[in-house]
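Engineer: I'd like to ask you about the structure that follows.
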Amino acid sequence: MKDLIKKLVETTGPSGYETQVRELVHAEVQSLADEIYTDALGNLIARKAA
């Protein structure tokens, strides 16, 4: 967990240019989520089915 927080804090993602952060989060949650997508506003949505 400490390593993940360190990676997130060190990843550049100023407003409007969050692609690197989104890609990092996507890679981290890929094995946990059933569905992952980016919406029209650039938000990363990860969903886990019940």
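Chains: A, B, ... in order of the structure tokens. Residues: from 1 per chain. Ligands: from 1, in order shown.
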Pull the helix (DSSP H, G or I) assignments for chain A out of DSSP run on the backbone, and list those residues as a VMD selection string.

Structural biologist: chain A and resid 2 to 10 19 to 29

Engineer: Find the residues near segment 7-24 of chain A: any atom within 12 Å, counting only C-alpha atoms, skip ones fewer than 5 places away on the same chain, and give them as a PyMOL selection string.

Structural biologist: chain A and resi 1-2+29-30+36-39+41-46

Engineer: Export N, CA and C atoms of the chosen residues as a CSV table (one decimal), in the first residue's frame?

Structural biologist:
chain,number,residue,atom,x,y,z
A,1,MET,N,0.8,-1.2,0.0
A,1,MET,CA,0.0,0.0,0.0
A,1,MET,C,0.9,1.3,0.0
A,2,LYS,N,1.9,1.2,0.8
A,2,LYS,CA,2.8,2.4,0.9
A,2,LYS,C,3.4,2.7,-0.5
A,29,VAL,N,-6.1,-1.3,-10.5
A,29,VAL,CA,-7.4,-1.9,-10.2
A,29,VAL,C,-7.9,-2.9,-11.2
A,30,GLN,N,-7.1,-3.1,-12.3
A,30,GLN,CA,-7.5,-4.0,-13.4
A,30,GLN,C,-7.9,-5.4,-12.9
A,36,ILE,N,-13.9,-1.6,-16.4
A,36,ILE,CA,-13.2,-0.3,-16.2
A,36,ILE,C,-13.4,0.4,-17.5
A,37,TYR,N,-13.7,1.7,-17.4
A,37,TYR,CA,-13.8,2.5,-18.6
A,37,TYR,C,-13.6,4.0,-18.2
A,38,THR,N,-13.3,4.8,-19.2
A,38,THR,CA,-13.2,6.2,-19.1
A,38,THR,C,-14.4,6.9,-19.7
A,39,ASP,N,-15.0,7.8,-19.0
A,39,ASP,CA,-16.2,8.4,-19.5
A,39,ASP,C,-15.8,9.6,-20.4
A,41,LEU,N,-15.9,12.7,-19.9
A,41,LEU,CA,-15.1,13.8,-19.2
A,41,LEU,C,-13.7,13.4,-18.7
A,42,GLY,N,-13.4,12.1,-19.0
A,42,GLY,CA,-12.0,11.6,-18.6
A,42,GLY,C,-12.0,11.0,-17.3
A,43,ASN,N,-13.1,10.8,-16.6
A,43,ASN,CA,-13.1,10.1,-15.4
A,43,ASN,C,-12.9,8.6,-15.6
A,44,LEU,N,-12.1,8.0,-14.8
A,44,LEU,CA,-11.9,6.5,-14.8
A,44,LEU,C,-12.9,5.9,-13.9
A,45,ILE,N,-13.7,5.0,-14.4
A,45,ILE,CA,-14.8,4.3,-13.7
A,45,ILE,C,-14.4,2.8,-13.6
A,46,ALA,N,-14.3,2.3,-12.4
A,46,ALA,CA,-14.0,0.9,-12.1
A,46,ALA,C,-15.2,0.4,-11.3

Engineer: As an MDAnalysis selection string, please: every residue in segment 4-41 of chain A that a backbone DSSP assignment puts in strand (DSSP E).

Structural biologist: chainID A and resid 35:38
